[in-house]
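K.L.:
What follows is a structure written as structure tokens; I'll ask about it next.
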2 protein chains.
Amino acid sequence: VQKTWAISGVDLHLDLHGTRVRAALEIALRDAVTTGRLAAGTRLPSTRALAADLGLARNTVAEAYGQLVAEGWLTARAGSGTRVAGRASPEGRASRGVAARSPVPPGGGPPPAARFDLRPGSPDVSAFPRAAWLSAARRALGGAPFSALDYGDPRGRIELRAELAGYLSRARGLRTSADRIVVCTGFAQALAVLCAALRGRGLARLAVERYGLPSVWETARAAGIETAWLDVDGDGAVIEALPSAGAVLLTPAHQFPLGVALSARRRAAIVAWAQAADGWVIEDDYDGEFRYDRHPLGAVQGLDPERVVYAGTASKTLAPGLRLAWLALPGALVDDVMAAKVLADRQSSAIDQLTLAELIRSGAYDRHVRRSRLTYRRRRDRLISSVPSPVRVSGIAAGLHALVELPVGVTEAEVVADGAARGLALEGLGAYAATAHDHGQALVVGYAKPPEHAFTGALARLVAVLSSG
Amino acid sequence: VQKTWAISGVDLHLDLHGTRVRAALEIALRDAVTTGRLAAGTRLPSTRALAADLGLARNTVAEAYGQLVAEGWLTARAGSGTRVAGRASPEGRASRGVAARSPVPPGGGPPPAARFDLRPGSPDVSAFPRAAWLSAARRALGGAPFSALDYGDPRGRIELRAELAGYLSRARGLRTSADRIVVCTGFAQALAVLCAALRGRGLARLAVERYGLPSVWETARAAGIETAWLDVDGDGAVIEALPSAGAVLLTPAHQFPLGVALSARRRAAIVAWAQAADGWVIEDDYDGEFRYDRHPLGAVQGLDPERVVYAGTASKTLAPGLRLAWLALPGALVDDVMAAKVLADRQSSAIDQLTLAELIRSGAYDRHVRRSRLTYRRRRDRLISSVPSPVRVSGIAAGLHALVELPVGVTEAEVVADGAARGLALEGLGAYAATAHDHGQALVVGYAKPPEHAFTGALARLVAVLSSG
């Protein structure tokens, strides 16, 4: 396995083939210093940060640093970290009289990377259309007025909002217009500003599906909004038993994580509820672009644009790292959401917005989505045909993940641990249960995530895990 | 004047030379429809949105739309807005039983653009190094690992944090490291996540300079933090009379808007206060890169990295539309700020971060800052030598704005109105007063903002306004 990382913009390559990881790390660092690629004085990442980035034990990194310090390639100093040797660290005048303290490295950081990963949440980012993106960026930035780079409309660039209005109407059946769209830095922010706006209007309680993303519930609570739970059955969220709440958040196209679609009857019923109760429906259409076996199911928003808040994202169609998502709002909420967006960060990144607008305009966005849909459909078909009976795969009509239901007697914990031992990262359904995990033991398998070349290996390991159960 | 805007990604050009604005708008729209550039069914922006975008009266846009509807080029329908004629609007199945309602156009949007603008807050965005940015983006995206486009470290890309650690040390005398830097979507978000983190740790009160940015005070209050006011004199914020507060936010390099620098004595004193009182200093270094007449004054952060939170931004060095800013944090705050960033939007845009990292690494960032510094210094010198006595210009040692102090008897309101009548947008000091505006009448002149070709015209109008007082 070849790993690449960067220190001060210098790419370092680490050959982790074999077991001598520490030696490989020393070689990579020594090489970068001796060739001058890593300049004297450059500060290295903390051992904790580098270990997390590379998926190594912290001790391994600390030992490699220690060896290179002993050899004189690096210097280590309390309060100044580890640096490339050769000249004094740039402290100078500012350091007088201040006691040196060891920097406290933060907790967190990404978990050590497994070789294969079938956890849900990401598309195949290795398929991100870099050339098309760069070419769109060049055209977009070349044609944009100067003012596009200044402070501007908190809803986002008009070029993108206009393209999104057309795209969402065409691809998802929305009824909206550019002046009702607010571009956000990912769905997380979209939900945060929406919750802030709704809380400001008095919303106290939000009903959410009781299997879902914990970060969604946390966002609501951070805004001071209580959550109430909805059961989910084969027709999607059970809205007949709607708890008292001023708003409902649903994943109608492909329930996350269970994978069912909200039935037509319930789609109509939830809109009728919102109209009668003066309530709001929040439609999280995170993977609405990916449908496989059935006719396109338009967004619920089309049923009543004045009662349904639509949330879409480029995280699944392009890449989560873009941090681009959008809300299509009822007219009555536009001003409040704009005000919340101003408080959150004034507006989203102009260049990314202009580039996505140009990508949609040129047709490259639609082409990429079509291509991805074919790829993911093929992977889904392989998943279905590969799992050994009596394992059952459900939630397969759409999206980037499926539910792999384990036979009676097999637990998620066992299967996840078995996967980890084989270098395969897996996620159990229980991670998404807000209340009792009573659905039956299952894996939420994100079959879109691996790069194309790694999918076969990932699937083989999953099958091995499921067969050994 | 030529204006360009876009509908659904189609660029429209409006020649506003002469007085027949409405006719020009009709021509531009009719031309786009007849040539097919605007496809049948395309929804036009609301009259309000288009008027705001173009700086026209809403009636002018409404009349132009009306004329084209009468001519049959456009159709207008309640609930569906104004569209290019020629096919049915894409409502279909979704519209059954739903009452059509007029979309409510949002308030807000940018104010009508004056021909010249000397309000503070923005650099000359027409000088944004587009070619260098695009070329850095190409190199950065070409070299980045796939995982850079996935969910990642909430602090931001390691490539950028490593470059920033080096840059901030070199250019601003910071003592920090990549693991203590959190990249944010602009200063507004940086302050919002910092306030959320400090509030979570029990901070109830933040002392701020009583002349400053109202958005800063609003951000603190939105996080549940009370604000207390600090006077500002010729040595910067009067911290000797510090109100009881757990944290102090200062603009030490160049007080906004008064333009003074925090004296060395007070720099030391505020750090001593933080150490003794277990308090925090927040250093808003919004324009610290721009110093003209004196030796570089390093950031206060260098005096005590464990007590001073440093906030920097690319909004003044490159462009506000990038939405890139950074916090260099005391070790004790890293985890809490990371958690707040996760709630706010998980992480910032990866491609922008990778591109800025490459721009810094390649030296293009430093070159652009140096070039801008020379330009702005020249503009500042011209401003100083042009204003008629007895007008006084102060706050000139650094930054992108100066304080133009009006003679006794002349009010900000008169001067701003006179400027508006001459097509020059100006801002009075009173707009930045949190309490009584007792500093004397003055303008806060952002001399960096106009494009280079417009600076002479803007300055001539300012001089005319000041001479007629």
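In the structure tokens, each chain is lettered A, B, ... as it comes, each chain's residues begin at 1, and ligands are numbered from 1 in order of appearance.
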Please return as a list in words: the residues of segment 299-406 of chain A that backbone DSSP assigns to strand (DSSP E or B).
P.N.:
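Of segment 299-406 of chain A, only Val308, Val309, Tyr310, Ala311, Gly312, Thr313, Ala325, Trp326, Leu327, Ala328, Arg392, Val393, Ser394, Ala398, His401, Ala402, Leu403, Val404 and Glu405 of chain A fall in strand (DSSP E or B).
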K.L.:
Among the residues of segment 290-465 of chain B, find those DSSP assigns to helix (DSSP H, G or I) from the backbone and print them as number ranges by chain.
P.N.:
B: 300-303, 320-322, 331-345, 350-361, 364-386, 412-421, 429-432, 452-465
K.L.:
Please list as an MDAnalysis selection string every residue within 8 Å of segment 447-464 of chain B, counting only C-alpha atoms and excluding residues in the same chain fewer than 4 positions away.
P.N.:
chainID B and resid 116:127 376 379:380 383 386:388 400:402 419 422 424 468
K.L.:
Give me the residues within 12 Å of Val444 of chain B as a ChimeraX atom specification, counting only C-alpha atoms and dropping any in the same chain fewer than 6 places off.
P.N.:
/B:117-121,211-212,255-259,393-396,399-406,412,415-416,425-433,462
K.L.:
List the neighbours of Leu29 of chain B out to 10 Å using only C-alpha atoms; skip same-chain residues closer than 5 positions along the sequence, and give me the result as an MDAnalysis selection string.
P.N.:
chainID B and resid 7 12:14 23:24 34 37:38 44 64:65 68 73:74 84
K.L.:
For the residues in that selection, give me N, CA, C and O atoms as a CSV table (one decimal), in the first residue's frame.
P.N.:
```csv
chain,number,residue,atom,x,y,z
B,7,ILE,N,-28.9,34.4,-16.3
B,7,ILE,CA,-30.1,33.7,-16.0
B,7,ILE,C,-29.9,32.3,-16.4
B,7,ILE,O,-29.6,32.0,-17.6
B,12,LEU,N,-26.2,37.7,-19.9
B,12,LEU,CA,-26.9,38.7,-20.6
B,12,LEU,C,-26.1,40.0,-20.4
B,12,LEU,O,-25.6,40.3,-19.3
B,13,HIS,N,-26.1,40.8,-21.4
B,13,HIS,CA,-25.3,42.1,-21.3
B,13,HIS,C,-26.3,43.2,-21.5
B,13,HIS,O,-27.1,43.3,-22.3
B,14,LEU,N,-26.1,44.2,-20.6
B,14,LEU,CA,-27.0,45.3,-20.5
B,14,LEU,C,-26.2,46.6,-20.7
B,14,LEU,O,-25.2,46.8,-19.9
B,23,ALA,N,-35.7,50.2,-21.8
B,23,ALA,CA,-35.6,49.7,-23.2
B,23,ALA,C,-34.3,48.8,-23.3
B,23,ALA,O,-34.4,47.7,-24.0
B,24,ALA,N,-33.2,49.2,-22.7
B,24,ALA,CA,-32.0,48.3,-22.8
B,24,ALA,C,-32.3,47.0,-22.2
B,24,ALA,O,-31.8,45.9,-22.7
B,34,THR,N,-34.9,35.3,-28.4
B,34,THR,CA,-35.1,35.1,-29.8
B,34,THR,C,-33.9,34.3,-30.4
B,34,THR,O,-34.1,33.4,-31.2
B,37,ARG,N,-30.8,31.5,-26.6
B,37,ARG,CA,-29.9,31.4,-25.5
B,37,ARG,C,-30.6,31.1,-24.2
B,37,ARG,O,-30.2,30.4,-23.4
B,38,LEU,N,-31.8,31.8,-24.1
B,38,LEU,CA,-32.6,31.5,-22.9
B,38,LEU,C,-33.7,30.6,-23.4
B,38,LEU,O,-34.6,30.9,-24.2
B,44,LEU,N,-37.4,33.3,-15.1
B,44,LEU,CA,-36.6,34.5,-14.9
B,44,LEU,C,-36.6,34.8,-13.4
B,44,LEU,O,-37.5,34.4,-12.6
B,64,ALA,N,-40.4,46.1,-17.9
B,64,ALA,CA,-39.8,45.4,-19.0
B,64,ALA,C,-40.4,44.0,-19.1
B,64,ALA,O,-40.7,43.6,-20.2
B,65,TYR,N,-40.5,43.3,-18.0
B,65,TYR,CA,-41.2,42.0,-18.0
B,65,TYR,C,-42.6,42.1,-18.6
B,65,TYR,O,-43.0,41.3,-19.5
B,68,LEU,N,-42.6,42.4,-22.3
B,68,LEU,CA,-42.3,41.2,-23.1
B,68,LEU,C,-43.3,40.1,-22.9
B,68,LEU,O,-43.5,39.3,-23.8
B,73,TRP,N,-43.2,37.1,-25.6
B,73,TRP,CA,-41.9,36.4,-25.4
B,73,TRP,C,-41.8,35.7,-24.1
B,73,TRP,O,-41.2,34.7,-23.9
B,74,LEU,N,-42.5,36.3,-23.1
B,74,LEU,CA,-42.5,35.7,-21.7
B,74,LEU,C,-43.9,35.3,-21.3
B,74,LEU,O,-44.9,35.9,-21.9
B,84,VAL,N,-39.8,32.1,-19.9
B,84,VAL,CA,-39.6,32.2,-21.3
B,84,VAL,C,-40.8,31.4,-21.9
B,84,VAL,O,-41.0,30.2,-21.6
```
